[in-house]
Structures are given as structure tokens and as C-alpha cells.
Amino acid sequence: GLASGPVPAQERYSPFVGSAQENVERMVRLAKLRAGDTVVDLGSGDGRIVIAAARANGGVRGWGVDLDPKLVDESNAAARAAGLEARVQFFRRNAFDVDLRKADVIFMWLWTEVQRMLRTKILAEARPGTRIVTNLWDLGSWEPDEVDEVEPVRLWIVPAQVAGNWNWRLPLQGKPQLYAAVLEQQFQKVEGVVRTGSRRGIVHDLRLRGEDISFTISMTMDGLGYVSQRYAGKVTGARMEGKVAVMMASGQDADDYRTSELPWRATRTRGSAYFAPTGLEMH
């Protein structure tokens, strides 16, 4: 791990100070390692974080990058001494030049401004669900998903990109209903609105964790009355799909509700019927 101080360079760098072993272990625990994970340390110093991760879980592979060739050599020697050279490697490389697309966990302990600059790269390249763990410094306005408060160790989950327009259909009482939703996103925080027919509503209780998304739509719908829908699914690029639990009035008795579960698939669209004219009819 690295601690740091601002210095003139290209643009800044983080001089090496080894992470306390207790903090290394807390970082590894917060990452919740799983067999098959690939862990990456950006600014790996003497390699202790990646080595600790590989020791903690025999199914984990990892690599680290550092600009100091002496530290890279020492890290690879430490991996060999621990019998981990088949699963752990270290390279002399700039953190801004590495490929993060196959990382499952990214560890960092760099100067706060460097971490903030790397945040942009991580959000652009890392897969949704990738865990980021830092010691001491944060990632600016991107709030962590979990915090170990003893001495700040923080965990973030890279969120899927869901901002924009989404359309889907649901067959309710034998009639297909078209939904047009518009989502706004700030990191893992998402808000949304939706239109079906001539009615608009708010998307409530929106939760996004990696590629997992859930939300509720409860509104009066044309010809159907009040309908409550709880959606849960996964985001894959320009598609969301999963299941929706629908609760609506059964027959003539408005107090008699029935619940059914339907498959659900939404697609991202360039335009949205949400913005189409509404007219003057009041509901």
C-alpha cells in the first residue's frame, strides 16, 4: 500500500509507506474475497496487500503495479518466498495505463488526488460489481457502500450505468402496457420517473448495487386502477431483465388485491414517450 504527499511531477506521485499489517487485513476482509477473484493493487509498493489477499483465499489470483523497479522486484521476491508466484505477480507500470476490465477487486492507498483521478478511469473501465477498497483516503463525492470506521477503510461497488431512457411492456389483465422510464444517476444513487399511457409517476426505492437493480412503481393506470409493482433484476449494457411482482385489484372489489409475478425486460432507447404531449384530459 502507499501513503502519499503532493509533489510537482507528472502530475503527482505517491511515495511508498507500507500499510500497517492490521489495516491490510481489514482491507482484505472488507473486500469479501471469493474463489476465482482477480485482485489488483494500484500502487502496490512492497506487494503486501495482494500477497495478503492471496493468502486469505486460495482461489484468488492477483497482480500489482508500481513505478519503483526496486519495489516491484522486492514484491515478486516476496511472492516467491510465500510460495505464491503462480498466483501473484507485480509489474513496473503506471496505474493509469493498466487494463481494469478483468479486475474483481481493486485495492488502492495512494495520495487522495491520485485516487480521485483514478476514480474516473475505474468508473469508465471496470465492470459493474467490481469492488474498490481504499485505506484512509476516499474517492471524492462518490460515497462508499461500506465503511470500517476503526481507521477509515472503505468499500465501493462499481455501479452499472443506467442513466437514460428505458422502455418495457407488461401484460396486465390481458392488455400490453407500455412503460417509458427516465433514470438519472449519480454514482450508485439513482432517481427516476415513469409514464404509462397518459399517466406519469415516480420510480420509488431505487437500489443499484453493481449490476443488481430494484425499484417500485405504484400508480393509478388507465383502465386498471391502482397498481403496485416491485421490480428486481440485473443490468447488462442496454438491457435490464428480471421479475416483477404486480399487485392490483381483483375484479370489481377495489379492496380485493391479488399478486402475480411476471418476467420483465427493459431496453435502453434514445428517445422516450415520457416527453410526448399529454393533452388537457385530467385523471
# chains A, B, ... in the order shown; residues from 1 in each chain; ligands from 1
$ residues_around --residues "Ala232 (chain A)" --least-positions-apart "2" --cutoff "8 Å" --atoms "only C-alpha atoms" --output "PDB file with N, CA and C atoms, in the first residue's frame"
ATOM      1  N   ASP A 212     -27.011  -5.266 -10.038  1.00  0.00           N
ATOM      2  CA  ASP A 212     -28.315  -5.591  -9.463  1.00  0.00           C
ATOM      3  C   ASP A 212     -29.133  -4.322  -9.246  1.00  0.00           C
ATOM      4  N   ILE A 213     -30.361  -4.326  -9.746  1.00  0.00           N
ATOM      5  CA  ILE A 213     -31.228  -3.158  -9.621  1.00  0.00           C
ATOM      6  C   ILE A 213     -32.604  -3.584  -9.123  1.00  0.00           C
ATOM      7  N   SER A 214     -33.209  -2.732  -8.312  1.00  0.00           N
ATOM      8  CA  SER A 214     -34.580  -2.972  -7.862  1.00  0.00           C
ATOM      9  C   SER A 214     -35.262  -1.627  -7.676  1.00  0.00           C
ATOM     10  N   PHE A 215     -36.572  -1.607  -7.867  1.00  0.00           N
ATOM     11  CA  PHE A 215     -37.339  -0.376  -7.687  1.00  0.00           C
ATOM     12  C   PHE A 215     -38.814  -0.709  -7.634  1.00  0.00           C
ATOM     13  N   ARG A 230     -43.223  -4.263  -7.958  1.00  0.00           N
ATOM     14  CA  ARG A 230     -41.883  -4.300  -7.381  1.00  0.00           C
ATOM     15  C   ARG A 230     -40.967  -5.048  -8.336  1.00  0.00           C
ATOM     16  N   LYS A 234     -31.253  -7.565 -13.223  1.00  0.00           N
ATOM     17  CA  LYS A 234     -29.852  -7.243 -13.476  1.00  0.00           C
ATOM     18  C   LYS A 234     -29.739  -6.367 -14.717  1.00  0.00           C
ATOM     19  N   GLU A 241     -33.208  -7.011 -17.058  1.00  0.00           N
ATOM     20  CA  GLU A 241     -34.224  -8.058 -17.042  1.00  0.00           C
ATOM     21  C   GLU A 241     -34.252  -8.769 -15.704  1.00  0.00           C
ATOM     22  N   GLY A 242     -35.431  -9.239 -15.378  1.00  0.00           N
ATOM     23  CA  GLY A 242     -35.635  -9.925 -14.123  1.00  0.00           C
ATOM     24  C   GLY A 242     -37.102 -10.257 -13.958  1.00  0.00           C
ATOM     25  N   LYS A 243     -37.617 -10.030 -12.753  1.00  0.00           N
ATOM     26  CA  LYS A 243     -39.015 -10.331 -12.477  1.00  0.00           C
ATOM     27  C   LYS A 243     -39.667  -9.146 -11.774  1.00  0.00           C
ATOM     28  N   VAL A 244     -40.991  -9.055 -11.925  1.00  0.00           N
ATOM     29  CA  VAL A 244     -41.746  -8.003 -11.274  1.00  0.00           C
ATOM     30  C   VAL A 244     -42.942  -8.622 -10.561  1.00  0.00           C
TER      31      VAL A 244
END
$ select_by_dssp --residues "region 21-127 of chain A" --states "strand (DSSP E or B)" --output "list in words"
Thr38, Val39, Val40, Asp41, Leu42, Arg61, Gly62, Trp63, Gly64, Val65, Asp66, Val88, Gln89, Phe90, Phe91, Arg92, Val105, Ile106, Phe107 and Met108 of chain A
$ write_last_selection --atoms "C-alpha atoms" --output "compact mmCIF listing (two decimals), in the first residue's frame"
# COMPACT_ATOMS: atom_id res chain seq x y z
CA THR A 38 -8.70 -11.35 -9.56
CA VAL A 39 -7.39 -8.66 -7.25
CA VAL A 40 -5.38 -5.64 -8.38
CA ASP A 41 -3.32 -3.18 -6.34
CA LEU A 42 -2.74 0.20 -7.98
CA ARG A 61 -5.18 -14.53 -8.14
CA GLY A 62 -3.68 -11.05 -8.11
CA TRP A 63 -1.26 -8.57 -9.51
CA GLY A 64 0.04 -5.14 -8.62
CA VAL A 65 1.71 -2.24 -10.37
CA ASP A 66 4.23 0.28 -9.12
CA VAL A 88 0.64 -13.36 -7.71
CA GLN A 89 2.74 -11.07 -9.93
CA PHE A 90 3.96 -7.48 -9.84
CA PHE A 91 4.84 -5.18 -12.73
CA ARG A 92 6.53 -1.84 -13.24
CA VAL A 105 -11.25 -6.18 -6.58
CA ILE A 106 -9.13 -3.03 -6.85
CA PHE A 107 -7.03 -2.02 -3.83
CA MET A 108 -5.59 1.50 -3.53
$ residues_around --residues "Arg127 (chain A)" --least-positions-apart "5" --cutoff "9 Å" --atoms "only C-alpha atoms" --output "ChimeraX atom specification"
/A:100-104,122,158-160,210-211
$ closest_residue --among "A:Glu143, A:Glu22, A:Glu191, A:Glu74" --to "Asp205 (chain A)" --atoms "only C-alpha atoms"
A:Glu191
$ decode --residues "region 76-216 of chain A" --atoms "C-alpha atoms" --output "PDB file, in the first residue's frame"
ATOM      1  CA  ASN A  76       7.937 -10.573  -6.751  1.00  0.00           C
ATOM      2  CA  ALA A  77      10.626 -11.962  -4.421  1.00  0.00           C
ATOM      3  CA  ALA A  78       8.150 -11.838  -1.509  1.00  0.00           C
ATOM      4  CA  ALA A  79       5.546 -13.681  -3.605  1.00  0.00           C
ATOM      5  CA  ARG A  80       8.114 -16.403  -4.420  1.00  0.00           C
ATOM      6  CA  ALA A  81       9.148 -16.660  -0.770  1.00  0.00           C
ATOM      7  CA  ALA A  82       5.496 -17.150   0.177  1.00  0.00           C
ATOM      8  CA  GLY A  83       5.046 -19.833  -2.492  1.00  0.00           C
ATOM      9  CA  LEU A  84       2.515 -17.651  -4.321  1.00  0.00           C
ATOM     10  CA  GLU A  85       4.371 -16.855  -7.549  1.00  0.00           C
ATOM     11  CA  ALA A  86       1.881 -18.954  -9.572  1.00  0.00           C
ATOM     12  CA  ARG A  87      -0.982 -16.720  -8.448  1.00  0.00           C
ATOM     13  CA  VAL A  88       0.643 -13.359  -7.706  1.00  0.00           C
ATOM     14  CA  GLN A  89       2.743 -11.075  -9.931  1.00  0.00           C
ATOM     15  CA  PHE A  90       3.955  -7.484  -9.838  1.00  0.00           C
ATOM     16  CA  PHE A  91       4.836  -5.178 -12.727  1.00  0.00           C
ATOM     17  CA  ARG A  92       6.529  -1.839 -13.244  1.00  0.00           C
ATOM     18  CA  ARG A  93       3.701   0.125 -14.773  1.00  0.00           C
ATOM     19  CA  ASN A  94       1.741   3.350 -14.405  1.00  0.00           C
ATOM     20  CA  ALA A  95      -1.622   2.793 -12.706  1.00  0.00           C
ATOM     21  CA  PHE A  96      -3.323   4.937 -15.370  1.00  0.00           C
ATOM     22  CA  ASP A  97      -2.134   2.551 -18.117  1.00  0.00           C
ATOM     23  CA  VAL A  98      -3.391  -0.788 -16.763  1.00  0.00           C
ATOM     24  CA  ASP A  99      -6.395  -2.736 -18.035  1.00  0.00           C
ATOM     25  CA  LEU A 100      -9.017  -2.957 -15.288  1.00  0.00           C
ATOM     26  CA  ARG A 101     -11.673  -4.830 -17.261  1.00  0.00           C
ATOM     27  CA  LYS A 102     -10.932  -8.213 -15.667  1.00  0.00           C
ATOM     28  CA  ALA A 103     -10.431  -6.974 -12.096  1.00  0.00           C
ATOM     29  CA  ASP A 104     -12.864  -8.147  -9.419  1.00  0.00           C
ATOM     30  CA  VAL A 105     -11.252  -6.183  -6.582  1.00  0.00           C
ATOM     31  CA  ILE A 106      -9.130  -3.027  -6.847  1.00  0.00           C
ATOM     32  CA  PHE A 107      -7.030  -2.021  -3.832  1.00  0.00           C
ATOM     33  CA  MET A 108      -5.592   1.496  -3.528  1.00  0.00           C
ATOM     34  CA  TRP A 109      -3.673   3.500  -0.976  1.00  0.00           C
ATOM     35  CA  LEU A 110      -2.477   6.491  -2.935  1.00  0.00           C
ATOM     36  CA  TRP A 111      -2.434  10.239  -2.467  1.00  0.00           C
ATOM     37  CA  THR A 112      -6.028  11.462  -2.324  1.00  0.00           C
ATOM     38  CA  GLU A 113      -5.816  13.455  -5.584  1.00  0.00           C
ATOM     39  CA  VAL A 114      -4.354  10.462  -7.436  1.00  0.00           C
ATOM     40  CA  GLN A 115      -7.199   8.257  -6.199  1.00  0.00           C
ATOM     41  CA  ARG A 116      -9.693  10.886  -7.330  1.00  0.00           C
ATOM     42  CA  MET A 117      -8.136  10.908 -10.810  1.00  0.00           C
ATOM     43  CA  LEU A 118      -8.145   7.114 -10.921  1.00  0.00           C
ATOM     44  CA  ARG A 119     -11.858   7.155  -9.972  1.00  0.00           C
ATOM     45  CA  THR A 120     -12.693   8.358 -13.473  1.00  0.00           C
ATOM     46  CA  LYS A 121     -10.710   5.522 -15.053  1.00  0.00           C
ATOM     47  CA  ILE A 122     -12.268   2.927 -12.758  1.00  0.00           C
ATOM     48  CA  LEU A 123     -15.829   4.030 -13.487  1.00  0.00           C
ATOM     49  CA  ALA A 124     -15.131   4.045 -17.227  1.00  0.00           C
ATOM     50  CA  GLU A 125     -13.358   0.674 -17.422  1.00  0.00           C
ATOM     51  CA  ALA A 126     -14.151  -1.609 -14.501  1.00  0.00           C
ATOM     52  CA  ARG A 127     -17.108  -3.976 -14.753  1.00  0.00           C
ATOM     53  CA  PRO A 128     -20.238  -3.333 -12.696  1.00  0.00           C
ATOM     54  CA  GLY A 129     -19.867  -5.159  -9.400  1.00  0.00           C
ATOM     55  CA  THR A 130     -16.107  -4.589  -9.141  1.00  0.00           C
ATOM     56  CA  ARG A 131     -15.154  -3.821  -5.524  1.00  0.00           C
ATOM     57  CA  ILE A 132     -12.770  -0.974  -4.723  1.00  0.00           C
ATOM     58  CA  VAL A 133     -11.109  -0.872  -1.311  1.00  0.00           C
ATOM     59  CA  THR A 134      -9.039   2.038  -0.020  1.00  0.00           C
ATOM     60  CA  ASN A 135      -7.225   2.808   3.188  1.00  0.00           C
ATOM     61  CA  LEU A 136      -7.539   6.287   4.755  1.00  0.00           C
ATOM     62  CA  TRP A 137      -8.351   8.352   1.632  1.00  0.00           C
ATOM     63  CA  ASP A 138     -11.738   8.467  -0.088  1.00  0.00           C
ATOM     64  CA  LEU A 139     -12.904   8.900  -3.703  1.00  0.00           C
ATOM     65  CA  GLY A 140     -14.247  12.431  -3.541  1.00  0.00           C
ATOM     66  CA  SER A 141     -18.014  12.828  -3.845  1.00  0.00           C
ATOM     67  CA  TRP A 142     -18.522   9.131  -4.645  1.00  0.00           C
ATOM     68  CA  GLU A 143     -19.787   7.883  -1.294  1.00  0.00           C
ATOM     69  CA  PRO A 144     -18.645   4.405  -0.197  1.00  0.00           C
ATOM     70  CA  ASP A 145     -21.047   1.479   0.053  1.00  0.00           C
ATOM     71  CA  GLU A 146     -19.435   0.249   3.274  1.00  0.00           C
ATOM     72  CA  VAL A 147     -17.018   1.756   5.815  1.00  0.00           C
ATOM     73  CA  ASP A 148     -14.883   0.178   8.523  1.00  0.00           C
ATOM     74  CA  GLU A 149     -14.702   3.136  10.887  1.00  0.00           C
ATOM     75  CA  VAL A 150     -11.888   1.937  13.176  1.00  0.00           C
ATOM     76  CA  GLU A 151      -9.463   3.734  10.869  1.00  0.00           C
ATOM     77  CA  PRO A 152     -11.245   4.522   7.656  1.00  0.00           C
ATOM     78  CA  VAL A 153     -11.153   1.567   5.290  1.00  0.00           C
ATOM     79  CA  ARG A 154     -13.807   1.982   2.615  1.00  0.00           C
ATOM     80  CA  LEU A 155     -15.514  -0.218   0.044  1.00  0.00           C
ATOM     81  CA  TRP A 156     -17.199   0.899  -3.168  1.00  0.00           C
ATOM     82  CA  ILE A 157     -19.114  -1.235  -5.669  1.00  0.00           C
ATOM     83  CA  VAL A 158     -18.820  -0.070  -9.288  1.00  0.00           C
ATOM     84  CA  PRO A 159     -22.412   0.581 -10.408  1.00  0.00           C
ATOM     85  CA  ALA A 160     -23.888  -0.299 -13.777  1.00  0.00           C
ATOM     86  CA  GLN A 161     -24.593   2.720 -15.973  1.00  0.00           C
ATOM     87  CA  VAL A 162     -28.371   3.122 -16.004  1.00  0.00           C
ATOM     88  CA  ALA A 163     -28.915   6.828 -16.701  1.00  0.00           C
ATOM     89  CA  GLY A 164     -31.166   7.468 -19.683  1.00  0.00           C
ATOM     90  CA  ASN A 165     -34.388   6.249 -21.259  1.00  0.00           C
ATOM     91  CA  TRP A 166     -35.812   2.748 -20.754  1.00  0.00           C
ATOM     92  CA  ASN A 167     -38.884   1.097 -22.288  1.00  0.00           C
ATOM     93  CA  TRP A 168     -40.689  -2.135 -21.453  1.00  0.00           C
ATOM     94  CA  ARG A 169     -44.085  -3.803 -21.725  1.00  0.00           C
ATOM     95  CA  LEU A 170     -46.126  -5.754 -19.222  1.00  0.00           C
ATOM     96  CA  PRO A 171     -49.307  -7.728 -19.989  1.00  0.00           C
ATOM     97  CA  LEU A 172     -51.780  -6.629 -17.320  1.00  0.00           C
ATOM     98  CA  GLN A 173     -55.296  -8.068 -17.433  1.00  0.00           C
ATOM     99  CA  GLY A 174     -54.626  -9.295 -20.947  1.00  0.00           C
ATOM    100  CA  LYS A 175     -53.585  -5.904 -22.315  1.00  0.00           C
ATOM    101  CA  PRO A 176     -49.952  -4.907 -23.001  1.00  0.00           C
ATOM    102  CA  GLN A 177     -48.954  -1.805 -21.056  1.00  0.00           C
ATOM    103  CA  LEU A 178     -46.067   0.291 -22.394  1.00  0.00           C
ATOM    104  CA  TYR A 179     -43.746   1.876 -19.821  1.00  0.00           C
ATOM    105  CA  ALA A 180     -41.359   4.739 -20.589  1.00  0.00           C
ATOM    106  CA  ALA A 181     -38.951   5.491 -17.728  1.00  0.00           C
ATOM    107  CA  VAL A 182     -36.231   8.118 -17.466  1.00  0.00           C
ATOM    108  CA  LEU A 183     -33.442   7.484 -14.955  1.00  0.00           C
ATOM    109  CA  GLU A 184     -30.925   9.965 -13.564  1.00  0.00           C
ATOM    110  CA  GLN A 185     -27.755   8.654 -11.912  1.00  0.00           C
ATOM    111  CA  GLN A 186     -25.030   9.945  -9.615  1.00  0.00           C
ATOM    112  CA  PHE A 187     -22.693   7.016  -8.985  1.00  0.00           C
ATOM    113  CA  GLN A 188     -24.790   4.316  -7.228  1.00  0.00           C
ATOM    114  CA  LYS A 189     -27.630   6.734  -6.447  1.00  0.00           C
ATOM    115  CA  VAL A 190     -30.457   6.673  -8.984  1.00  0.00           C
ATOM    116  CA  GLU A 191     -33.754   8.535  -9.290  1.00  0.00           C
ATOM    117  CA  GLY A 192     -36.414   8.042 -11.914  1.00  0.00           C
ATOM    118  CA  VAL A 193     -39.800   8.898 -13.360  1.00  0.00           C
ATOM    119  CA  VAL A 194     -42.099   6.763 -15.498  1.00  0.00           C
ATOM    120  CA  ARG A 195     -45.030   7.145 -17.865  1.00  0.00           C
ATOM    121  CA  THR A 196     -47.607   4.607 -18.930  1.00  0.00           C
ATOM    122  CA  GLY A 197     -50.480   5.720 -21.132  1.00  0.00           C
ATOM    123  CA  SER A 198     -51.295   9.303 -20.202  1.00  0.00           C
ATOM    124  CA  ARG A 199     -50.162   8.969 -16.593  1.00  0.00           C
ATOM    125  CA  ARG A 200     -46.807   9.737 -15.022  1.00  0.00           C
ATOM    126  CA  GLY A 201     -45.338   8.681 -11.718  1.00  0.00           C
ATOM    127  CA  ILE A 202     -42.175   8.474  -9.627  1.00  0.00           C
ATOM    128  CA  VAL A 203     -39.905   5.441  -9.548  1.00  0.00           C
ATOM    129  CA  HIS A 204     -39.521   4.738  -5.831  1.00  0.00           C
ATOM    130  CA  ASP A 205     -36.999   2.839  -3.679  1.00  0.00           C
ATOM    131  CA  LEU A 206     -34.435   2.595  -6.451  1.00  0.00           C
ATOM    132  CA  ARG A 207     -31.450   0.487  -5.382  1.00  0.00           C
ATOM    133  CA  LEU A 208     -28.397  -0.150  -7.541  1.00  0.00           C
ATOM    134  CA  ARG A 209     -25.525  -2.360  -6.363  1.00  0.00           C
ATOM    135  CA  GLY A 210     -23.206  -3.347  -9.149  1.00  0.00           C
ATOM    136  CA  GLU A 211     -25.442  -4.824 -11.847  1.00  0.00           C
ATOM    137  CA  ASP A 212     -28.315  -5.591  -9.463  1.00  0.00           C
ATOM    138  CA  ILE A 213     -31.228  -3.158  -9.621  1.00  0.00           C
ATOM    139  CA  SER A 214     -34.580  -2.972  -7.862  1.00  0.00           C
ATOM    140  CA  PHE A 215     -37.339  -0.376  -7.687  1.00  0.00           C
ATOM    141  CA  THR A 216     -41.056   0.127  -7.104  1.00  0.00           C
TER     142      THR A 216
END
